[in-house]
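Pasting protein.cif here (mmCIF, C-alpha atoms (C1' of nucleotides)):
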```cif
data_coords
loop_
_atom_site.label_atom_id
_atom_site.label_comp_id
_atom_site.auth_asym_id
_atom_site.auth_seq_id
_atom_site.Cartn_x
_atom_site.Cartn_y
_atom_site.Cartn_z
CA MET L 1 -33.58 72.49 109.21
CA ILE L 2 -30.76 74.57 107.87
CA ASN L 3 -28.85 73.08 104.97
CA ALA L 4 -25.08 72.78 105.42
CA GLU L 5 -24.60 72.61 101.65
CA ARG L 6 -26.22 75.99 101.27
CA ALA L 7 -24.10 77.46 104.05
CA LEU L 8 -20.92 76.14 102.44
CA ASP L 9 -21.98 77.57 99.08
CA ALA L 10 -22.56 80.91 100.80
CA LEU L 11 -19.19 80.91 102.56
CA GLY L 12 -17.40 79.97 99.34
CA ASP L 13 -17.12 83.63 98.32
CA PRO L 14 -14.41 85.79 99.94
CA THR L 15 -16.46 88.99 99.93
CA ARG L 16 -19.34 87.16 101.57
CA ARG L 17 -16.98 85.80 104.20
CA ARG L 18 -15.81 89.36 104.92
CA VAL L 19 -19.39 90.54 105.33
CA PHE L 20 -20.14 87.60 107.57
CA ALA L 21 -16.97 88.15 109.62
CA LYS L 22 -17.92 91.76 110.27
CA LEU L 23 -21.18 90.61 111.78
CA ARG L 24 -19.52 88.47 114.41
CA ASN L 25 -18.59 91.51 116.49
CA ARG L 26 -21.54 93.78 116.08
CA VAL L 27 -25.03 94.20 114.70
CA CYS L 28 -24.83 96.16 111.44
CA THR L 29 -26.89 97.66 108.66
CA ALA L 30 -26.09 97.02 105.01
CA GLY L 31 -24.81 100.57 104.61
CA GLU L 32 -22.48 100.31 107.58
CA LEU L 33 -21.09 97.06 106.25
CA ALA L 34 -20.49 98.56 102.81
CA GLN L 35 -18.41 101.38 104.32
CA GLY L 36 -14.77 100.40 104.39
CA MET L 37 -15.33 97.70 101.81
CA ASP L 38 -14.43 97.93 98.13
CA VAL L 39 -17.87 96.95 96.88
CA SER L 40 -21.11 98.91 96.63
CA ARG L 41 -23.98 98.79 99.09
CA PRO L 42 -26.27 96.85 96.73
CA ALA L 43 -23.56 94.21 96.41
CA VAL L 44 -23.42 93.87 100.19
CA SER L 45 -27.21 93.74 100.26
CA GLN L 46 -27.21 90.86 97.79
CA HIS L 47 -24.59 88.99 99.78
CA LEU L 48 -26.71 89.44 102.89
CA GLN L 49 -29.66 87.83 101.12
CA VAL L 50 -27.54 84.77 100.32
CA LEU L 51 -26.25 84.58 103.89
CA ARG L 52 -29.79 84.91 105.18
CA ALA L 53 -31.08 82.13 102.92
CA ALA L 54 -28.28 79.95 104.22
CA GLY L 55 -29.28 80.56 107.83
CA LEU L 56 -26.03 82.32 108.64
CA VAL L 57 -27.59 85.70 109.29
CA VAL L 58 -30.83 87.05 110.71
CA VAL L 59 -32.34 90.47 110.12
CA ARG L 60 -34.79 92.65 112.01
CA ALA L 61 -36.37 95.94 111.00
CA ASP L 62 -35.74 99.12 112.98
CA GLY L 63 -37.43 102.07 111.31
CA THR L 64 -35.95 102.55 107.88
CA ARG L 65 -32.92 100.53 108.91
CA ARG L 66 -32.48 96.78 108.81
CA LEU L 67 -30.18 95.32 111.41
CA TYR L 68 -28.22 92.20 110.48
CA GLN L 69 -26.78 89.77 112.97
CA ALA L 70 -24.90 86.47 112.82
CA ASP L 71 -27.07 83.39 113.36
CA SER L 72 -25.85 80.25 115.09
CA ARG L 73 -28.09 77.92 113.09
CA GLY L 74 -26.07 78.01 109.89
CA ILE L 75 -22.81 77.80 111.79
CA ASP L 76 -24.05 74.79 113.72
CA ALA L 77 -25.21 73.12 110.51
CA VAL L 78 -21.76 73.37 108.98
CA ARG L 79 -20.08 72.22 112.17
CA ARG L 80 -22.36 69.18 112.29
CA TRP L 81 -21.56 68.50 108.63
CA PHE L 82 -17.85 68.45 109.37
CA ASP L 83 -18.30 66.41 112.54
CA GLY L 84 -20.33 63.78 110.70
CA PHE L 85 -17.92 63.77 107.82
CA TRP L 86 -14.91 63.15 109.96
CA ASP L 87 -16.63 60.58 112.16
CA GLU L 88 -17.50 58.58 109.07
CA THR L 89 -13.93 58.87 107.80
CA LEU L 90 -12.52 57.53 111.05
CA GLU L 91 -15.07 54.72 111.12
CA SER L 92 -14.01 53.67 107.61
CA PHE L 93 -10.38 53.68 108.72
CA ARG L 94 -11.29 51.51 111.69
CA GLN L 95 -13.15 49.00 109.53
CA ALA L 96 -10.33 48.91 107.00
CA ALA L 97 -7.79 48.23 109.76
CA GLU L 98 -10.03 45.51 111.17
CA SER L 99 -10.43 43.62 107.92
CA ALA L 100 -6.72 43.99 107.22
CA ALA L 101 -6.00 42.35 110.57
CA ASN L 102 -8.43 39.52 109.79
CA GLU L 103 -6.82 39.07 106.40
CA LYS L 104 -3.42 38.80 108.02
CA GLY L 105 -4.55 36.31 110.67
CA ARG L 106 -5.90 33.95 108.02
CA PRO L 107 -3.40 31.23 106.78
CA MET F 1 -0.44 75.89 108.65
CA ILE F 2 -3.46 75.12 106.54
CA ASN F 3 -5.60 78.08 105.56
CA ALA F 4 -9.27 77.86 106.48
CA GLU F 5 -10.14 80.46 103.86
CA ARG F 6 -8.69 78.27 101.16
CA ALA F 7 -10.57 75.24 102.44
CA LEU F 8 -13.84 77.16 102.45
CA ASP F 9 -13.19 78.37 98.91
CA ALA F 10 -12.56 74.77 97.88
CA LEU F 11 -15.72 73.48 99.51
CA GLY F 12 -17.80 76.22 97.92
CA ASP F 13 -18.29 74.16 94.77
CA PRO F 14 -20.92 71.38 94.80
CA THR F 15 -19.01 69.07 92.47
CA ARG F 16 -15.91 69.46 94.61
CA ARG F 17 -17.96 68.63 97.69
CA ARG F 18 -19.18 65.46 95.98
CA VAL F 19 -15.63 64.43 95.16
CA PHE F 20 -14.54 65.17 98.70
CA ALA F 21 -17.53 63.31 100.16
CA LYS F 22 -16.66 60.19 98.17
CA LEU F 23 -13.22 60.18 99.75
CA ARG F 24 -14.55 59.98 103.28
CA ASN F 25 -15.37 56.29 102.91
CA ARG F 26 -12.55 54.97 100.80
CA VAL F 27 -9.23 55.70 99.16
CA CYS F 28 -9.81 56.36 95.46
CA THR F 29 -8.08 57.17 92.18
CA ALA F 30 -9.23 60.04 89.98
CA GLY F 31 -10.65 57.57 87.46
CA GLU F 32 -12.69 55.73 90.08
CA LEU F 33 -14.07 59.01 91.37
CA ALA F 34 -15.06 60.13 87.88
CA GLN F 35 -17.07 56.94 87.32
CA GLY F 36 -20.66 57.51 88.41
CA MET F 37 -20.25 61.25 88.19
CA ASP F 38 -21.52 63.47 85.41
CA VAL F 39 -18.19 65.17 84.79
CA SER F 40 -15.07 63.98 83.00
CA ARG F 41 -11.96 62.53 84.63
CA PRO F 42 -9.85 65.63 83.93
CA ALA F 43 -12.47 67.75 85.67
CA VAL F 44 -12.24 65.49 88.73
CA SER F 45 -8.46 65.69 88.52
CA GLN F 46 -8.58 69.48 88.57
CA HIS F 47 -10.93 69.47 91.54
CA LEU F 48 -8.54 67.14 93.36
CA GLN F 49 -5.72 69.64 92.84
CA VAL F 50 -7.78 72.37 94.46
CA LEU F 51 -8.71 70.10 97.37
CA ARG F 52 -5.09 69.13 97.77
CA ALA F 53 -3.91 72.76 97.79
CA ALA F 54 -6.50 73.43 100.50
CA GLY F 55 -5.16 70.62 102.67
CA LEU F 56 -8.38 68.64 102.40
CA VAL F 57 -6.89 65.74 100.49
CA VAL F 58 -3.56 63.90 100.34
CA VAL F 59 -2.26 61.76 97.48
CA ARG F 60 0.28 58.99 97.21
CA ALA F 61 1.63 57.21 94.14
CA ASP F 62 1.07 53.50 93.59
CA GLY F 63 2.48 52.41 90.25
CA THR F 64 0.69 54.30 87.51
CA ARG F 65 -2.15 55.03 89.91
CA ARG F 66 -2.47 57.92 92.34
CA LEU F 67 -4.46 57.23 95.46
CA TYR F 68 -6.38 60.11 97.02
CA GLN F 69 -7.46 60.22 100.61
CA ALA F 70 -9.24 62.72 102.90
CA ASP F 71 -6.91 64.75 105.10
CA SER F 72 -7.82 65.91 108.60
CA ARG F 73 -5.72 69.06 108.44
CA GLY F 74 -8.05 71.04 106.22
CA ILE F 75 -11.09 69.82 108.09
CA ASP F 76 -9.55 70.81 111.40
CA ALA F 77 -8.65 74.24 110.01
CA VAL F 78 -12.25 74.94 109.06
CA ARG F 79 -13.56 73.63 112.36
CA ARG F 80 -11.17 75.89 114.23
CA TRP F 81 -12.29 78.79 112.05
CA PHE F 82 -15.92 78.21 113.01
CA ASP F 83 -15.08 77.65 116.68
CA GLY F 84 -13.11 80.91 116.85
CA PHE F 85 -15.81 82.73 114.94
CA TRP F 86 -18.58 81.66 117.24
CA ASP F 87 -16.54 82.21 120.41
CA GLU F 88 -15.91 85.78 119.33
CA THR F 89 -19.59 86.28 118.58
CA LEU F 90 -20.62 85.09 122.02
CA GLU F 91 -17.94 87.25 123.66
CA SER F 92 -19.32 90.31 121.84
CA PHE F 93 -22.81 89.45 123.03
CA ARG F 94 -21.51 89.16 126.58
CA GLN F 95 -19.76 92.53 126.41
CA ALA F 96 -22.82 94.17 124.87
CA ALA F 97 -25.04 92.82 127.65
CA GLU F 98 -22.54 94.01 130.25
CA SER F 99 -22.34 97.58 129.00
CA ALA F 100 -26.13 97.65 128.61
CA ALA F 101 -26.44 96.69 132.29
CA ASN F 102 -23.94 99.40 133.28
CA GLU F 103 -25.83 101.91 131.21
CA LYS F 104 -29.03 100.99 132.97
CA GLY F 105 -27.50 101.17 136.42
CA ARG F 106 -26.27 104.71 135.82
CA PRO F 107 -28.66 107.54 136.91
"C1'" DG H 1 -47.91 116.41 102.13
"C1'" DA H 2 -43.15 117.01 100.47
"C1'" DC H 3 -38.39 115.73 101.49
"C1'" DT H 4 -34.83 112.69 103.27
"C1'" DT H 5 -32.86 108.49 104.64
"C1'" DT H 6 -32.08 103.72 104.27
"C1'" DC H 7 -32.74 99.99 102.00
"C1'" DG H 8 -34.05 96.00 98.54
"C1'" DT H 9 -34.65 94.90 93.65
"C1'" DT H 10 -33.98 94.77 88.71
"C1'" DA H 11 -31.45 94.86 84.46
"C1'" DG H 12 -27.34 94.40 82.34
"C1'" DT H 13 -22.24 93.69 82.11
"C1'" DC H 14 -18.17 91.31 82.86
"C1'" DT H 15 -15.06 88.26 84.98
"C1'" DA H 16 -13.75 84.05 87.38
"C1'" DT H 17 -13.95 79.38 86.89
"C1'" DA H 18 -15.88 74.80 85.85
"C1'" DC H 19 -15.70 71.91 82.02
"C1'" DT H 20 -14.18 69.32 77.74
"C1'" DT H 21 -10.94 67.90 74.26
"C1'" DA H 22 -6.39 66.90 73.04
"C1'" DC H 23 -1.83 65.86 74.38
"C1'" DG H 24 2.22 64.20 76.83
"C1'" DC H 25 4.37 61.98 80.84
"C1'" DT H 26 5.36 57.93 83.89
"C1'" DT H 27 5.03 53.19 85.16
"C1'" DT H 28 4.17 48.43 84.13
"C1'" DG H 29 4.24 44.17 81.72
"C1'" DA H 30 5.07 41.31 77.66
"C1'" DT A 1 11.72 48.20 73.62
"C1'" DC A 2 6.98 48.74 72.55
"C1'" DA A 3 2.29 49.03 73.90
"C1'" DA A 4 -1.11 49.96 77.26
"C1'" DA A 5 -2.95 51.93 81.46
"C1'" DG A 6 -3.63 55.70 84.41
"C1'" DC A 7 -2.82 60.43 85.21
"C1'" DG A 8 -1.90 65.45 85.07
"C1'" DT A 9 -1.80 69.55 82.19
"C1'" DA A 10 -2.71 73.05 78.59
"C1'" DA A 11 -5.82 75.45 75.66
"C1'" DG A 12 -10.17 77.04 74.69
"C1'" DT A 13 -15.14 77.67 75.63
"C1'" DA A 14 -19.26 78.61 78.09
"C1'" DT A 15 -21.75 79.69 81.97
"C1'" DA A 16 -22.63 80.91 86.80
"C1'" DG A 17 -22.53 84.65 89.61
"C1'" DA A 18 -20.42 88.97 91.47
"C1'" DC A 19 -20.83 93.65 90.59
"C1'" DT A 20 -22.68 98.42 89.32
"C1'" DA A 21 -26.14 101.83 88.04
"C1'" DA A 22 -30.80 103.11 88.17
"C1'" DC A 23 -35.17 102.71 90.27
"C1'" DG A 24 -38.92 102.06 93.62
"C1'" DA A 25 -40.65 101.29 98.37
"C1'" DA A 26 -41.15 102.05 103.39
"C1'" DA A 27 -40.39 104.90 107.48
"C1'" DG A 28 -39.19 108.99 109.72
"C1'" DT A 29 -38.91 114.43 109.80
"C1'" DC A 30 -40.27 119.06 109.01
#
```
As structure tokens, please, write out the structure in this file.
Amino acid sequence: MINAERALDALGDPTRRRVFAKLRNRVCTAGELAQGMDVSRPAVSQHLQVLRAAGLVVVRADGTRRLYQADSRGIDAVRRWFDGFWDETLESFRQAAESAANEKGRP
Amino acid sequence: MINAERALDALGDPTRRRVFAKLRNRVCTAGELAQGMDVSRPAVSQHLQVLRAAGLVVVRADGTRRLYQADSRGIDAVRRWFDGFWDETLESFRQAAESAANEKGRP
DNA sequence: GACTTTCGTTAGTCTATACTTACGCTTTGA
DNA sequence: TCAAAGCGTAAGTATAGACTAACGAAAGTC
């Protein structure tokens, strides 16, 4: 089970979001990702480790290269987190409205 | 328009997530939120400013108290961000599969 | 087997930021 | 009008973590 907390921590950094965003359109190596960015390749590599630990990215070896790709599991985890969060918020609103109505109906 | 980037930055901090999570069930003041947490009231107050700037929280005055409440706008912004992200990922997969098929069909 | 490429890892630095303490503002009630 | 309650803010510190430079490992090439 992927942890939504971990995914949110991972996506809290702008550079990491940029790396992640680049992976939505194509499969990339760390070196390719680093090109056109203002940080070094090791930095990108470290960000990829965090994204991988969060379940947002998967990697497969291809010779000396390592191909990174966006993973739906982390994305789904965060989406479920938000869904559950908002459902609970609405339910609390509903209960609050209900007890307010009961309060009003009482003499 | 609420910025999803800002909301993700805001939710990148665990303490801020705890504050935000407490607001899903009830309307709270900064002092109430700070009780039962291991950080001071000013710290909570500062986190609430960040959440408010990100559109995740709204506040209204009530005498000397200020009541904080979860806001759907920021949540929706992040959900749209993820939806768009994943849609684009799937579209890229589709296109990649298509051109691979074309490549194969060619002599 | 030597060389190259591509990459992850480690050590160390430095900055962003989370936190506390102290202070001042606003509203309320006596 | 004075005191108290409830906050936000400013200043200062300390730490998490983002980054670079240097190094080592694995796979391909000649």
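Going from atom CA of F:Arg41 over to atom CA of L:Glu5, you cover 23.5 Å.
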For this session: Excluding stretch 2-9 of chain A and residues on its chain fewer than 5 positions from it, collect all residues at most 9 Å away from it, counting only C-alpha atoms (C1' of nucleotides), and give them as a list in words.
Result: Ala30, Gly31, Pro42, Ser45, Gln46, Thr64, Arg65 and Arg66 of chain F; DC23, DG24, DC25, DT26, DT27 and DT28 of chain H
Just need chain L moved onto chain F: least-squares over all Cα atoms matched in order, then output as a tab-separated table (two decimals) with C-alpha atoms, in the frame of the given file.
```
chain	number	residue	atom	x	y	z
L	1	MET	CA	-0.40	75.86	108.60
L	2	ILE	CA	-3.42	75.10	106.51
L	3	ASN	CA	-5.53	78.07	105.53
L	4	ALA	CA	-9.23	77.87	106.43
L	5	GLU	CA	-10.06	80.48	103.79
L	6	ARG	CA	-8.62	78.25	101.11
L	7	ALA	CA	-10.52	75.24	102.42
L	8	LEU	CA	-13.79	77.19	102.41
L	9	ASP	CA	-13.11	78.38	98.86
L	10	ALA	CA	-12.51	74.76	97.87
L	11	LEU	CA	-15.69	73.48	99.51
L	12	GLY	CA	-17.74	76.25	97.92
L	13	ASP	CA	-18.27	74.18	94.77
L	14	PRO	CA	-20.90	71.40	94.81
L	15	THR	CA	-18.99	69.08	92.49
L	16	ARG	CA	-15.89	69.46	94.63
L	17	ARG	CA	-17.93	68.66	97.72
L	18	ARG	CA	-19.17	65.48	96.02
L	19	VAL	CA	-15.62	64.44	95.19
L	20	PHE	CA	-14.54	65.18	98.72
L	21	ALA	CA	-17.52	63.31	100.20
L	22	LYS	CA	-16.66	60.21	98.20
L	23	LEU	CA	-13.22	60.18	99.76
L	24	ARG	CA	-14.53	59.99	103.29
L	25	ASN	CA	-15.38	56.30	102.92
L	26	ARG	CA	-12.58	54.97	100.82
L	27	VAL	CA	-9.26	55.69	99.17
L	28	CYS	CA	-9.85	56.37	95.47
L	29	THR	CA	-8.13	57.15	92.21
L	30	ALA	CA	-9.25	60.02	90.00
L	31	GLY	CA	-10.71	57.58	87.48
L	32	GLU	CA	-12.73	55.74	90.09
L	33	LEU	CA	-14.11	59.00	91.39
L	34	ALA	CA	-15.09	60.14	87.90
L	35	GLN	CA	-17.13	56.96	87.36
L	36	GLY	CA	-20.71	57.52	88.42
L	37	MET	CA	-20.29	61.27	88.24
L	38	ASP	CA	-21.55	63.50	85.44
L	39	VAL	CA	-18.20	65.18	84.81
L	40	SER	CA	-15.09	63.99	83.01
L	41	ARG	CA	-11.99	62.54	84.64
L	42	PRO	CA	-9.86	65.63	83.94
L	43	ALA	CA	-12.48	67.73	85.71
L	44	VAL	CA	-12.24	65.48	88.76
L	45	SER	CA	-8.46	65.66	88.53
L	46	GLN	CA	-8.58	69.45	88.59
L	47	HIS	CA	-10.92	69.45	91.57
L	48	LEU	CA	-8.53	67.12	93.37
L	49	GLN	CA	-5.70	69.60	92.83
L	50	VAL	CA	-7.76	72.35	94.47
L	51	LEU	CA	-8.69	70.08	97.38
L	52	ARG	CA	-5.06	69.10	97.77
L	53	ALA	CA	-3.88	72.72	97.80
L	54	ALA	CA	-6.45	73.40	100.48
L	55	GLY	CA	-5.14	70.59	102.67
L	56	LEU	CA	-8.36	68.63	102.43
L	57	VAL	CA	-6.89	65.72	100.52
L	58	VAL	CA	-3.58	63.87	100.36
L	59	VAL	CA	-2.28	61.75	97.51
L	60	ARG	CA	0.25	58.95	97.23
L	61	ALA	CA	1.59	57.21	94.15
L	62	ASP	CA	1.03	53.49	93.58
L	63	GLY	CA	2.43	52.45	90.22
L	64	THR	CA	0.61	54.31	87.50
L	65	ARG	CA	-2.23	55.04	89.90
L	66	ARG	CA	-2.52	57.90	92.35
L	67	LEU	CA	-4.50	57.19	95.48
L	68	TYR	CA	-6.41	60.08	97.04
L	69	GLN	CA	-7.50	60.21	100.64
L	70	ALA	CA	-9.25	62.72	102.90
L	71	ASP	CA	-6.92	64.74	105.13
L	72	SER	CA	-7.84	65.90	108.61
L	73	ARG	CA	-5.71	69.05	108.44
L	74	GLY	CA	-8.03	71.03	106.20
L	75	ILE	CA	-11.08	69.82	108.08
L	76	ASP	CA	-9.54	70.84	111.38
L	77	ALA	CA	-8.62	74.25	109.98
L	78	VAL	CA	-12.21	74.96	109.02
L	79	ARG	CA	-13.53	73.66	112.32
L	80	ARG	CA	-11.13	75.93	114.19
L	81	TRP	CA	-12.25	78.84	112.00
L	82	PHE	CA	-15.86	78.26	112.95
L	83	ASP	CA	-15.03	77.71	116.61
L	84	GLY	CA	-13.08	80.96	116.78
L	85	PHE	CA	-15.75	82.79	114.89
L	86	TRP	CA	-18.51	81.74	117.19
L	87	ASP	CA	-16.49	82.27	120.35
L	88	GLU	CA	-15.84	85.84	119.29
L	89	THR	CA	-19.52	86.35	118.51
L	90	LEU	CA	-20.56	85.15	121.95
L	91	GLU	CA	-17.90	87.30	123.61
L	92	SER	CA	-19.25	90.37	121.80
L	93	PHE	CA	-22.75	89.51	122.97
L	94	ARG	CA	-21.47	89.20	126.53
L	95	GLN	CA	-19.73	92.57	126.40
L	96	ALA	CA	-22.77	94.22	124.85
L	97	ALA	CA	-25.00	92.81	127.61
L	98	GLU	CA	-22.53	93.99	130.23
L	99	SER	CA	-22.37	97.57	129.03
L	100	ALA	CA	-26.14	97.64	128.63
L	101	ALA	CA	-26.47	96.62	132.28
L	102	ASN	CA	-24.01	99.34	133.33
L	103	GLU	CA	-25.92	101.87	131.26
L	104	LYS	CA	-29.13	100.88	132.98
L	105	GLY	CA	-27.65	101.03	136.49
L	106	ARG	CA	-26.47	104.60	135.94
L	107	PRO	CA	-28.96	107.37	137.07
```
Within 8 Å of chain A: each chain L residue with its shortest pair, all atoms listed in the file, as CSV:
```
residue,atom,partner,partner_atom,distance
L:Val39,CA,A:DC19,C1',7.7
L:Ser40,CA,A:DT20,C1',7.5
L:Ala43,CA,A:DC19,C1',6.5
L:Gly63,CA,A:DA27,C1',5.6
L:Thr64,CA,A:DA27,C1',5.0
```
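For the set F:Val19, F:Leu33, F:Val78, F:Ala61, the residue with the smallest atom-to-atom gap to chain H is F:Ala61, counting all atoms listed in the file.
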For this session: Skip L:Phe93 itself and residues of its chain fewer than 2 positions away, then list as a count of residues only all residues within 12 Å of it, counting all atoms listed in the file.
Result: 19
Please identify every residue of chain H that has at least one atom no farther than 8 Å from an atom of chain L, counting all atoms listed in the file, and for each give the shortest atom pair and the distance in Å to one decimal, arranged by chain then increasing number, as a tab-separated table.
```
residue	atom	partner	partner_atom	distance
H:DT5	C1'	L:Thr64	CA	7.4
H:DT6	C1'	L:Thr64	CA	5.4
H:DC7	C1'	L:Arg65	CA	6.9
H:DG8	C1'	L:Ser45	CA	7.4
```
Problem set entry | Interatomic distance, atom CA of L:Arg79 to atom CA of L:Ala54 (Å, one decimal) |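 Calculated distance between atom CA of L:Arg79 and atom CA of L:Ala54 is 13.8 Å.
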Problem set entry | Distance in Å - atom CA of F:Phe85 versus atom CA of L:Asn3 | 19.0 Å
Using the chain letters and numbering of this document, enumerate as a compact mmCIF listing (two decimals) with C-alpha atoms, in the coordinates of the input the residues selected by the PyMOL selection byres ((chain L and resi 51) around 10).
```txt
# COMPACT_ATOMS: atom_id res chain seq x y z
CA ARG L 6 -26.22 75.99 101.27
CA ALA L 7 -24.10 77.46 104.05
CA ASP L 9 -21.98 77.57 99.08
CA ALA L 10 -22.56 80.91 100.80
CA LEU L 11 -19.19 80.91 102.56
CA ARG L 16 -19.34 87.16 101.57
CA ARG L 17 -16.98 85.80 104.20
CA VAL L 19 -19.39 90.54 105.33
CA PHE L 20 -20.14 87.60 107.57
CA SER L 45 -27.21 93.74 100.26
CA GLN L 46 -27.21 90.86 97.79
CA HIS L 47 -24.59 88.99 99.78
CA LEU L 48 -26.71 89.44 102.89
CA GLN L 49 -29.66 87.83 101.12
CA VAL L 50 -27.54 84.77 100.32
CA ARG L 52 -29.79 84.91 105.18
CA ALA L 53 -31.08 82.13 102.92
CA ALA L 54 -28.28 79.95 104.22
CA GLY L 55 -29.28 80.56 107.83
CA LEU L 56 -26.03 82.32 108.64
CA VAL L 57 -27.59 85.70 109.29
CA VAL L 58 -30.83 87.05 110.71
CA ALA L 70 -24.90 86.47 112.82
CA ASP L 71 -27.07 83.39 113.36
CA GLY L 74 -26.07 78.01 109.89
```
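Of the listed residues (L:Ala77, L:Leu8, L:Arg60, L:Tyr68), L:Tyr68 comes nearest to L:Lys22; the distances count all atoms listed in the file.
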Problem set entry | Of the listed residues L:Asn102, L:Thr15, L:Ser72, L:Gln35, that which approaches chain F most closely, counting only C-alpha atoms |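 Among the listed residues, L:Ser72 lies closest to chain F.
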All file atoms of stretch 49-56 of chain F boxed axis-aligned, 3 Å per side, centre plus edges, as JSON:
```
{"center_x": -6.3, "center_y": 71.0, "center_z": 97.8, "size_x": 10.8, "size_y": 10.8, "size_z": 15.8}
```
Exercise. Which is closer to chain F than all the others in L:Ile75, L:Leu67, L:Ala4, L:Cys28, using all atoms listed in the file?
Worked result: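 With all atoms listed in the file as the atom set, the closest residue is L:Ile75.
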